[in-house]
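Chemist: Sharing structure.tsv, TSV, C-alpha atoms:
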```tsv
chain	number	residue	atom	x	y	z
L	1	MET	CA	54.07	-16.75	20.45
L	2	ALA	CA	50.86	-14.78	20.41
L	3	THR	CA	48.45	-16.15	17.85
L	4	VAL	CA	44.79	-15.58	17.08
L	5	PRO	CA	42.87	-18.85	16.88
L	6	ILE	CA	40.78	-19.11	13.74
L	7	SER	CA	38.79	-22.10	12.61
L	8	ILE	CA	39.36	-23.56	9.18
L	9	ALA	CA	35.73	-22.90	8.27
L	10	ARG	CA	36.06	-19.30	9.39
L	11	ARG	CA	39.28	-18.83	7.41
L	12	ARG	CA	37.68	-20.33	4.32
L	13	ALA	CA	34.63	-18.09	4.74
L	14	LEU	CA	36.89	-15.04	4.98
L	15	LEU	CA	38.78	-16.04	1.87
L	16	ALA	CA	35.54	-16.65	-0.01
L	17	LYS	CA	34.18	-13.28	1.09
L	18	ARG	CA	37.29	-11.61	-0.26
L	19	GLY	CA	37.07	-13.52	-3.54
L	20	LEU	CA	40.28	-15.35	-2.78
L	21	LEU	CA	39.19	-18.96	-2.86
L	22	PHE	CA	41.89	-21.19	-4.25
L	23	GLY	CA	41.80	-21.88	-7.95
L	24	SER	CA	40.13	-18.69	-9.16
L	25	ALA	CA	41.35	-18.07	-12.70
L	26	ALA	CA	40.10	-14.47	-12.70
L	27	ALA	CA	41.92	-13.75	-9.45
L	28	PHE	CA	45.09	-15.27	-10.86
L	29	VAL	CA	44.96	-13.03	-13.92
L	30	ALA	CA	44.46	-10.06	-11.61
L	31	THR	CA	47.47	-11.13	-9.53
L	32	ILE	CA	49.69	-11.43	-12.57
L	33	ALA	CA	48.56	-8.00	-13.78
L	34	LEU	CA	49.07	-6.45	-10.36
L	35	ALA	CA	52.49	-8.00	-9.92
L	36	ARG	CA	53.62	-6.75	-13.32
L	37	SER	CA	52.20	-3.27	-12.79
L	38	ASN	CA	54.14	-3.08	-9.53
L	39	HIS	CA	57.39	-4.15	-11.10
L	40	PRO	CA	60.06	-1.75	-9.76
L	41	ALA	CA	61.40	0.42	-12.55
L	42	SER	CA	63.76	2.41	-10.35
L	43	ALA	CA	65.73	2.22	-7.14
L	44	ALA	CA	63.17	4.50	-5.51
L	45	ALA	CA	60.34	2.16	-6.40
L	46	THR	CA	62.34	-0.78	-5.07
L	47	SER	CA	62.98	1.04	-1.83
L	48	ALA	CA	59.33	1.99	-1.48
L	49	ALA	CA	58.22	-1.59	-2.02
L	50	ARG	CA	60.67	-2.78	0.59
L	51	SER	CA	59.53	-0.19	3.13
L	52	SER	CA	55.92	-1.05	2.44
L	53	SER	CA	56.43	-4.75	3.05
L	54	GLN	CA	58.38	-4.05	6.25
L	55	SER	CA	55.70	-1.76	7.60
L	56	THR	CA	53.06	-4.47	7.30
L	57	ALA	CA	55.13	-7.34	8.66
L	58	PRO	CA	53.58	-8.59	11.88
L	59	ALA	CA	56.02	-8.72	14.76
L	60	THR	CA	54.84	-12.20	15.67
L	61	SER	CA	55.14	-13.86	12.26
L	62	GLY	CA	58.12	-15.80	13.57
L	63	PHE	CA	59.89	-16.07	10.23
L	64	GLY	CA	63.47	-14.87	10.08
L	65	PRO	CA	64.54	-12.58	7.23
L	66	ALA	CA	66.31	-13.89	4.18
L	67	ASP	CA	69.92	-12.94	3.43
L	68	VAL	CA	69.89	-13.26	-0.35
L	69	GLY	CA	70.90	-11.21	-3.33
L	70	PRO	CA	71.12	-11.39	-7.08
L	71	ALA	CA	73.51	-13.77	-8.80
L	72	THR	CA	75.64	-12.33	-11.54
L	73	ALA	CA	75.64	-13.76	-15.04
L	74	SER	CA	79.14	-15.17	-14.56
L	75	GLU	CA	78.19	-17.23	-11.51
L	76	THR	CA	77.30	-20.87	-12.04
L	77	PRO	CA	74.89	-22.40	-9.52
L	78	SER	CA	76.51	-24.89	-7.14
L	79	VAL	CA	73.16	-26.38	-6.19
L	80	SER	CA	69.55	-26.07	-7.33
L	81	THR	CA	66.29	-25.76	-5.48
L	82	GLY	CA	63.29	-27.69	-6.74
L	83	ALA	CA	59.94	-29.05	-5.69
L	84	SER	CA	60.33	-31.55	-2.90
J	1	MET	CA	83.46	-24.65	-2.42
J	2	THR	CA	86.19	-27.29	-2.22
J	3	SER	CA	84.09	-30.45	-2.19
J	4	VAL	CA	80.55	-31.51	-3.03
J	5	ASP	CA	79.25	-34.88	-1.87
J	6	ARG	CA	75.96	-36.62	-2.58
J	7	PHE	CA	73.96	-39.42	-0.99
J	8	THR	CA	70.34	-40.55	-0.83
J	9	ALA	CA	68.13	-40.14	2.24
J	10	MET	CA	64.48	-39.42	2.97
J	11	GLY	CA	63.61	-40.45	-0.58
J	12	CYS	CA	65.67	-37.72	-2.20
J	13	GLU	CA	69.21	-36.73	-3.06
J	14	VAL	CA	71.18	-34.95	-0.36
J	15	VAL	CA	73.98	-32.66	-1.57
J	16	VAL	CA	76.61	-31.36	0.84
J	17	GLY	CA	79.16	-28.70	0.00
J	18	GLY	CA	82.23	-27.91	2.05
J	19	ALA	CA	82.23	-30.96	4.35
J	20	GLY	CA	85.26	-32.88	5.48
J	21	GLU	CA	85.14	-36.66	5.80
J	22	ALA	CA	84.08	-36.68	9.44
J	23	GLU	CA	81.50	-33.93	8.91
J	24	LEU	CA	79.99	-35.80	5.98
J	25	ALA	CA	79.74	-38.98	8.05
J	26	ALA	CA	77.99	-37.05	10.82
J	27	ILE	CA	75.53	-35.54	8.32
J	28	ARG	CA	74.76	-38.97	6.85
J	29	GLY	CA	74.14	-40.23	10.36
J	30	LEU	CA	71.83	-37.33	11.15
J	31	PHE	CA	69.65	-37.96	8.09
J	32	GLU	CA	69.51	-41.69	8.79
J	33	ALA	CA	68.50	-41.07	12.40
J	34	ARG	CA	65.76	-38.61	11.40
J	35	GLU	CA	64.41	-41.00	8.79
J	36	GLN	CA	64.29	-43.81	11.33
J	37	VAL	CA	62.17	-41.68	13.67
J	38	PHE	CA	59.90	-39.86	11.22
J	39	SER	CA	59.48	-42.04	8.11
J	40	ARG	CA	55.92	-42.94	7.15
J	41	PHE	CA	57.32	-45.85	5.16
J	42	ARG	CA	59.34	-47.68	7.79
J	43	PRO	CA	57.03	-49.87	9.88
J	44	ASP	CA	59.34	-49.59	12.88
J	45	SER	CA	59.66	-45.79	12.87
J	46	GLU	CA	58.57	-43.91	15.95
J	47	LEU	CA	56.04	-42.00	13.84
J	48	ASN	CA	54.35	-45.23	12.80
J	49	ARG	CA	54.42	-46.52	16.37
J	50	VAL	CA	52.64	-43.36	17.47
J	51	ASN	CA	50.14	-43.53	14.60
J	52	ARG	CA	49.38	-47.20	15.32
J	53	SER	CA	48.74	-46.60	19.00
J	54	SER	CA	45.13	-46.38	20.11
J	55	ALA	CA	46.05	-44.86	23.47
J	56	PRO	CA	44.73	-41.30	23.77
J	57	SER	CA	48.07	-40.19	25.25
J	58	ILE	CA	51.51	-41.56	24.50
J	59	ALA	CA	55.09	-40.76	25.53
J	60	VAL	CA	57.39	-39.80	22.68
J	61	SER	CA	61.14	-39.28	22.37
J	62	ALA	CA	62.73	-35.89	22.99
J	63	LEU	CA	63.48	-35.50	19.27
J	64	PHE	CA	59.90	-36.39	18.35
J	65	ALA	CA	58.48	-33.95	20.89
J	66	GLU	CA	60.79	-31.14	19.78
J	67	THR	CA	59.90	-31.68	16.12
J	68	LEU	CA	56.17	-31.96	16.77
J	69	ALA	CA	56.31	-28.77	18.83
J	70	ASP	CA	57.94	-27.05	15.88
J	71	ALA	CA	55.31	-28.47	13.52
J	72	LEU	CA	52.60	-27.03	15.77
J	73	ARG	CA	54.43	-23.68	15.73
J	74	ALA	CA	54.47	-23.86	11.94
J	75	SER	CA	50.73	-24.51	12.00
J	76	ALA	CA	50.18	-21.42	14.16
J	77	GLN	CA	52.41	-19.34	11.89
J	78	THR	CA	50.38	-20.28	8.81
J	79	LEU	CA	46.72	-20.07	9.89
J	80	ARG	CA	46.90	-23.89	10.17
J	81	LEU	CA	47.74	-24.29	6.50
J	82	VAL	CA	50.81	-26.36	7.34
J	83	ASP	CA	49.10	-29.01	9.43
J	84	PRO	CA	50.84	-31.99	11.12
J	85	THR	CA	47.72	-34.19	11.12
J	86	LEU	CA	47.36	-34.96	7.42
J	87	GLY	CA	48.62	-38.55	7.54
J	88	VAL	CA	45.21	-40.03	6.66
J	89	ALA	CA	44.68	-37.49	3.87
J	90	LEU	CA	48.03	-38.40	2.30
J	91	GLU	CA	47.18	-42.11	2.45
J	92	ASP	CA	43.73	-41.44	0.97
J	93	ALA	CA	45.39	-39.58	-1.90
J	94	GLY	CA	47.45	-42.72	-2.48
J	95	TYR	CA	50.78	-41.61	-0.99
J	96	ASP	CA	51.07	-44.71	1.16
J	97	ARG	CA	54.55	-45.91	0.19
J	98	ASP	CA	57.91	-44.48	-0.76
J	99	PHE	CA	57.43	-42.16	-3.70
J	100	ALA	CA	59.75	-44.23	-5.89
J	101	LEU	CA	57.31	-47.13	-5.53
J	102	LEU	CA	54.13	-45.14	-6.27
J	103	ARG	CA	52.27	-46.09	-9.43
J	104	SER	CA	49.13	-44.62	-10.95
J	105	GLU	CA	46.14	-46.85	-10.24
J	106	HIS	CA	42.56	-47.13	-11.46
J	107	ARG	CA	41.06	-47.26	-7.98
J	108	PRO	CA	39.77	-43.85	-6.90
J	109	PRO	CA	41.35	-41.87	-4.06
J	110	GLY	CA	39.83	-41.98	-0.60
J	111	PRO	CA	37.62	-39.19	0.69
J	112	GLY	CA	40.48	-37.36	2.44
J	113	ALA	CA	40.53	-36.16	6.02
J	114	PRO	CA	40.74	-32.47	6.91
J	115	GLY	CA	43.52	-31.31	9.21
J	116	ARG	CA	42.95	-31.53	12.95
J	117	GLY	CA	46.10	-29.84	14.15
J	118	SER	CA	44.22	-27.81	16.73
J	119	SER	CA	43.22	-31.04	18.47
J	120	VAL	CA	46.81	-32.13	19.15
J	121	ARG	CA	48.23	-31.50	22.62
J	122	LEU	CA	51.85	-31.83	23.66
J	123	ARG	CA	52.88	-31.47	27.30
J	124	GLY	CA	56.57	-32.13	27.64
J	125	ARG	CA	56.98	-35.50	25.98
J	126	ILE	CA	53.35	-36.61	26.39
J	127	LEU	CA	51.35	-36.42	23.18
J	128	SER	CA	47.53	-36.46	23.16
J	129	ARG	CA	45.39	-36.54	20.02
J	130	PRO	CA	41.90	-37.77	19.09
J	131	ALA	CA	41.35	-41.30	17.84
J	132	GLY	CA	41.87	-41.64	14.11
J	133	VAL	CA	44.38	-38.79	13.78
J	134	LYS	CA	47.57	-39.78	11.97
J	135	LEU	CA	50.52	-37.44	12.20
J	136	ASP	CA	52.74	-36.58	9.26
J	137	LEU	CA	55.63	-34.32	10.20
J	138	GLY	CA	57.04	-34.11	6.70
J	139	GLY	CA	56.19	-30.42	6.70
J	140	VAL	CA	59.17	-29.68	8.91
J	141	VAL	CA	61.30	-32.83	9.28
J	142	LYS	CA	63.40	-32.60	6.13
J	143	ALA	CA	64.00	-28.85	6.35
J	144	ARG	CA	64.99	-29.12	10.02
J	145	ALA	CA	67.40	-31.93	9.12
J	146	VAL	CA	68.95	-29.65	6.49
J	147	ASP	CA	69.37	-26.83	9.02
J	148	ASP	CA	70.77	-29.16	11.67
J	149	ALA	CA	73.15	-30.75	9.17
J	150	LEU	CA	74.53	-27.34	8.24
J	151	ARG	CA	75.41	-26.79	11.90
J	152	LEU	CA	77.68	-29.82	11.68
J	153	LEU	CA	79.94	-27.97	9.25
J	154	ASP	CA	82.77	-26.01	10.85
J	155	GLY	CA	83.21	-23.58	7.97
J	156	PRO	CA	81.24	-22.23	5.03
J	157	GLY	CA	79.18	-24.68	3.04
J	158	PHE	CA	75.71	-25.83	2.20
J	159	VAL	CA	73.34	-28.76	2.64
J	160	ALA	CA	70.50	-29.51	0.22
J	161	ALA	CA	67.90	-32.27	0.39
J	162	GLY	CA	65.44	-32.66	-2.45
J	163	GLY	CA	66.06	-29.03	-3.36
J	164	ASP	CA	65.61	-27.59	0.14
J	165	ILE	CA	68.83	-25.74	0.93
J	166	ALA	CA	70.62	-24.19	3.89
J	167	ALA	CA	73.89	-22.34	3.41
J	168	ARG	CA	76.51	-20.38	5.29
J	169	GLY	CA	79.12	-18.26	3.56
J	170	GLY	CA	77.34	-17.85	0.25
J	171	VAL	CA	76.24	-20.18	-2.51
J	172	VAL	CA	74.63	-19.58	-5.89
J	173	VAL	CA	71.33	-21.45	-6.07
J	174	GLY	CA	69.77	-22.40	-9.39
J	175	LEU	CA	66.02	-21.83	-9.58
J	176	PRO	CA	63.36	-24.00	-11.19
J	177	GLY	CA	62.66	-22.86	-14.71
J	178	GLY	CA	65.89	-20.86	-14.93
J	179	GLY	CA	67.58	-18.07	-13.06
J	180	ALA	CA	69.61	-18.07	-9.86
J	181	LEU	CA	70.07	-16.21	-6.61
J	182	ASN	CA	72.96	-15.73	-4.22
J	183	LEU	CA	72.10	-17.27	-0.85
J	184	ARG	CA	74.54	-15.62	1.55
J	185	HIS	CA	73.15	-17.15	4.72
J	186	GLY	CA	69.93	-18.97	5.55
J	187	GLY	CA	67.66	-21.18	3.52
J	188	VAL	CA	65.82	-21.55	0.24
J	189	ALA	CA	63.02	-24.04	-0.38
J	190	THR	CA	60.64	-24.83	-3.19
J	191	SER	CA	57.23	-26.45	-2.76
J	192	GLY	CA	55.24	-27.64	-5.70
J	193	THR	CA	53.50	-30.34	-7.62
J	194	THR	CA	55.73	-30.84	-10.64
J	195	ARG	CA	57.65	-33.75	-9.13
J	196	ARG	CA	55.66	-35.70	-6.53
J	197	ARG	CA	52.41	-36.46	-8.32
J	198	TRP	CA	50.52	-39.53	-9.48
J	199	ARG	CA	47.01	-40.57	-10.54
J	200	ARG	CA	44.22	-42.33	-8.72
J	201	GLY	CA	41.07	-43.20	-10.66
J	202	GLY	CA	42.22	-40.89	-13.46
J	203	ARG	CA	42.56	-37.90	-11.11
J	204	LEU	CA	45.89	-36.18	-10.60
J	205	GLN	CA	47.09	-36.42	-6.99
J	206	HIS	CA	50.01	-34.77	-5.19
J	207	HIS	CA	51.42	-34.42	-1.69
J	208	LEU	CA	50.44	-30.80	-0.89
J	209	ILE	CA	47.18	-31.31	0.96
J	210	ASP	CA	44.69	-28.50	1.58
J	211	PRO	CA	43.87	-28.98	5.28
J	212	VAL	CA	40.40	-27.53	4.73
J	213	THR	CA	39.32	-30.25	2.30
J	214	GLY	CA	41.80	-32.96	3.24
J	215	GLN	CA	42.53	-33.43	-0.46
J	216	PRO	CA	45.38	-32.38	-2.77
J	217	SER	CA	45.35	-28.61	-3.11
J	218	GLU	CA	43.94	-27.01	-6.24
J	219	SER	CA	46.28	-24.04	-5.94
J	220	ILE	CA	46.92	-22.02	-9.07
J	221	TRP	CA	50.67	-22.44	-8.50
J	222	THR	CA	52.82	-25.31	-9.65
J	223	LEU	CA	55.96	-24.17	-7.78
J	224	VAL	CA	56.68	-21.65	-5.04
J	225	THR	CA	60.26	-20.79	-4.06
J	226	VAL	CA	60.94	-18.87	-0.84
J	227	ALA	CA	64.11	-17.69	0.90
J	228	ALA	CA	64.27	-17.13	4.66
J	229	ALA	CA	66.63	-17.11	7.62
J	230	CYS	CA	66.77	-20.90	7.64
J	231	CYS	CA	65.57	-23.80	5.53
J	232	ARG	CA	62.75	-24.64	7.94
J	233	ASP	CA	61.28	-21.14	7.68
J	234	ALA	CA	61.65	-21.12	3.91
J	235	ASP	CA	59.98	-24.52	3.54
J	236	VAL	CA	57.05	-23.75	5.85
J	237	ALA	CA	56.47	-20.39	4.18
J	238	ALA	CA	56.69	-21.91	0.69
J	239	LYS	CA	54.05	-24.52	1.54
J	240	ALA	CA	51.75	-21.91	3.05
J	241	ALA	CA	52.19	-19.53	0.12
J	242	PHE	CA	51.47	-22.37	-2.29
J	243	LEU	CA	48.27	-23.32	-0.45
J	244	LEU	CA	47.12	-19.70	-0.23
J	245	GLY	CA	46.93	-19.47	-4.01
J	246	VAL	CA	46.48	-15.90	-5.22
J	247	ASP	CA	46.99	-14.62	-1.69
J	248	GLY	CA	50.46	-16.19	-1.49
J	249	PRO	CA	52.64	-13.33	-2.83
J	250	ALA	CA	51.10	-10.72	-0.50
J	251	TRP	CA	51.21	-13.11	2.47
J	252	LEU	CA	54.96	-13.49	1.99
J	253	ASP	CA	55.41	-9.72	1.53
J	254	GLU	CA	53.66	-9.14	4.85
J	255	ARG	CA	56.33	-11.33	6.44
J	256	ASP	CA	59.22	-9.75	4.52
J	257	LEU	CA	59.95	-13.01	2.72
J	258	PRO	CA	60.92	-13.14	-0.96
J	259	GLY	CA	58.90	-15.54	-3.10
J	260	ARG	CA	58.84	-16.64	-6.72
J	261	PHE	CA	55.66	-18.29	-8.02
J	262	SER	CA	55.29	-20.45	-11.12
J	263	SER	CA	52.06	-21.43	-12.82
J	264	PRO	CA	51.14	-22.77	-16.26
J	265	ALA	CA	50.39	-19.13	-17.20
J	266	GLY	CA	53.81	-17.79	-16.23
J	267	GLU	CA	55.89	-16.62	-13.29
J	268	VAL	CA	55.34	-13.94	-10.65
J	269	THR	CA	57.73	-12.63	-8.02
J	270	ASN	CA	56.54	-10.73	-4.98
J	271	ARG	CA	57.74	-7.25	-4.03
J	272	THR	CA	60.26	-8.54	-1.49
J	273	TRP	CA	61.85	-10.83	-4.07
J	274	ARG	CA	62.21	-7.98	-6.53
J	275	ALA	CA	63.71	-5.76	-3.84
J	276	LEU	CA	66.27	-8.37	-2.72
J	277	VAL	CA	66.99	-10.47	-5.78
J	278	GLY	CA	65.90	-8.12	-8.56
J	279	ALA	CA	64.42	-9.02	-11.88
J	280	GLN	CA	67.59	-9.95	-13.72
J	281	GLU	CA	67.91	-13.45	-12.30
J	282	ALA	CA	66.50	-14.99	-15.47
J	283	ALA	CA	69.73	-14.03	-17.25
J	284	VAL	CA	71.65	-16.66	-15.30
J	285	GLY	CA	71.37	-20.26	-16.41
J	286	ALA	CA	70.29	-22.78	-13.78
```
What is this file in structure tokens?

Modeler:
Amino acid sequence: MATVPISIARRRALLAKRGLLFGSAAAFVATIALARSNHPASAAATSAARSSSQSTAPATSGFGPADVGPATASETPSVSTGAS
Amino acid sequence: MTSVDRFTAMGCEVVVGGAGEAELAAIRGLFEAREQVFSRFRPDSELNRVNRSSAPSIAVSALFAETLADALRASAQTLRLVDPTLGVALEDAGYDRDFALLRSEHRPPGPGAPGRGSSVRLRGRILSRPAGVKLDLGGVVKARAVDDALRLLDGPGFVAAGGDIAARGGVVVGLPGGGALNLRHGGVATSGTTRRRWRRGGRLQHHLIDPVTGQPSESIWTLVTVAAACCRDADVAAKAAFLLGVDGPAWLDERDLPGRFSSPAGEVTNRTWRALVGAQEAAVGA
């Protein structure tokens, strides 16, 4: 797998430069607002969001795609996920 | 699903759906074997033998080498956020015994030790690492066991351990805080700090260590749930997204992975989640 080495200090410096240091309350509020403003209101918006995320996915990320979908209201969970 | 069985392994409940008697026995054996090799809390585990050794290079078993190689791949996939060298940091935080035995204590936590994953070398089955490095492969061991256990089922079914799930043939998965999704094939995992946490010297501690500081992460999230092609991918991505804080949702989107994020201020789903799962999942009771 092709990867770009990056030191922890360098990564932290990059995050700090971009205002993305962990634990920033202001950044969190901005994330919530951004996520809600992007909420798909139509099938077209959903499709656009999907295309956008695919276009930026690096070929070497190494993570396989999920095969998931919505559960209907009549379906009872057989198992639950939770913090491990 | 015709049958659901439960047992305890790796300090958590394992739930198996769709297994026959022989398959269930094989899955129990798999979890026991993995725990014997990788447990931090069994003095005679291979992991502890490796961590006790002062030799700069040491031969390890094929299973250990394969798992460590995967842990190093996970490190490379996550800008070294998921780091296999945080054994000392976990002990400094106070996680030095089985979680069921952990108690809050007045003594303060240790200073923590930043991750040194880039210093680990594996050539075949020969492991080299600097003095003082203690491995902890918990970042991949349990999820890989879940994936491998699922392969022991002939037909459709699922395996879950401590909430990390792999399924084949479709299963409805309840989500923390309510809601559900339909996992047709692959894995779902949740990382967070709502369950495994304790206090040292009055300070809240948990098991998700920031490899930059070597101390429990101060992420804004309390829980991150991710779905992927397998449980290992979901678990690694969930840990990374948790540690990335506000950058987590976009990081998952860039990898086409759906993620749901919980914090004391509310919940956020990323674009991929909304595209695949939708926004109506909260209507289904967990």

Chemist: Which residues, written as a PyMOL selection string, have at least one atom at most 10 Å from J:Met10, with all atoms listed in the file counted and residues fewer than 3 positions away on the same chain left out?

Modeler: chain J and resi 13-14+31-32+34-36+38-39+41+98+138+141-142+161-162

Chemist: Let me make sure I understand: among J:Ser104, J:Asn51, J:Ser61, J:Ser3, which one has the smallest atom-to-atom distance to chain L if we use all atoms listed in the file?

Modeler: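 Of J:Ser104, J:Asn51, J:Ser61, J:Ser3, the one nearest chain L is J:Ser3, counting all atoms listed in the file.
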
Chemist: May I have a table of the residues of chain J lying at most 6 Å from chain L, giving each one's closest pair of atoms and their distance in Å to one decimal, counting all atoms listed in the file, ordered by chain and ascending residue number, as CSV?

Modeler:
```
residue,atom,partner,partner_atom,distance
J:Gly162,CA,L:Ser84,CA,5.2
J:Gly163,CA,L:Thr81,CA,3.9
J:Asp164,CA,L:Thr81,CA,5.9
J:Val172,CA,L:Pro77,CA,4.6
J:Val173,CA,L:Pro77,CA,5.0
J:Gly174,CA,L:Ser80,CA,4.2
J:Leu175,CA,L:Thr81,CA,5.7
J:Pro176,CA,L:Gly82,CA,5.8
J:Ala180,CA,L:Ala71,CA,5.9
J:Leu181,CA,L:Ala71,CA,4.8
J:Asn182,CA,L:Ala71,CA,5.0
J:Leu183,CA,L:Val68,CA,4.6
J:Arg184,CA,L:Val68,CA,5.5
J:His185,CA,L:Asp67,CA,5.5
J:Thr190,CA,L:Ala83,CA,5.0
J:Ser191,CA,L:Ala83,CA,4.8
J:Gly192,CA,L:Ala83,CA,4.9
J:Glu218,CA,L:Gly23,CA,5.8
J:Ser219,CA,L:Gly23,CA,5.4
J:Ile220,CA,L:Gly23,CA,5.2
J:Ala227,CA,L:Ala66,CA,5.5
J:Ala228,CA,L:Ala66,CA,3.9
J:Ala229,CA,L:Gly64,CA,4.6
J:Asp233,CA,L:Phe63,CA,5.8
J:Gly245,CA,L:Phe22,CA,5.3
J:Val246,CA,L:Phe28,CA,5.8
J:Asp253,CA,L:Ser53,CA,5.3
J:Glu254,CA,L:Ala57,CA,4.5
J:Arg255,CA,L:Ala57,CA,4.7
J:Asp256,CA,L:Ser53,CA,5.9
J:Ala275,CA,L:Thr46,CA,5.3
J:Leu276,CA,L:Gly69,CA,5.5
J:Val277,CA,L:Pro70,CA,4.4
J:Val284,CA,L:Ala73,CA,4.9
```

Chemist: Select, from J:Leu243, J:Ile27, J:Leu252, J:Pro264, the residue with the minimum atom-to-atom distance to J:Thr194, counting all atoms listed in the file.

Modeler: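 Going through J:Leu243, J:Ile27, J:Leu252, J:Pro264 one by one, the smallest distance to J:Thr194 is for J:Pro264.
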
Chemist: Between atom CA of J:Ile165 and atom CA of J:Ala241, what is the distance, to one decimal in Å?

Modeler: 17.8 Å

Chemist: Just to confirm, what's the straight-line distance from atom CA of J:Arg97 to atom CA of J:His207 in Å (one decimal)?

Modeler: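 We find that atom CA of J:Arg97 and atom CA of J:His207 lie 12.1 Å from each other.
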
Chemist: Identify the residues within 9 Å of coordinate (47.8, -46.5, -5.9) (same frame as the file), considering all atoms listed in the file, and give the answer as a PyMOL selection string.

Modeler: chain J and resi 93-96+102-109+198-201

Chemist: To one decimal place in Å, what is the distance between atom CA of J:Asp92 and atom CA of J:Thr225?

Modeler: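 Distance reported for this atom pair: 26.9 Å.
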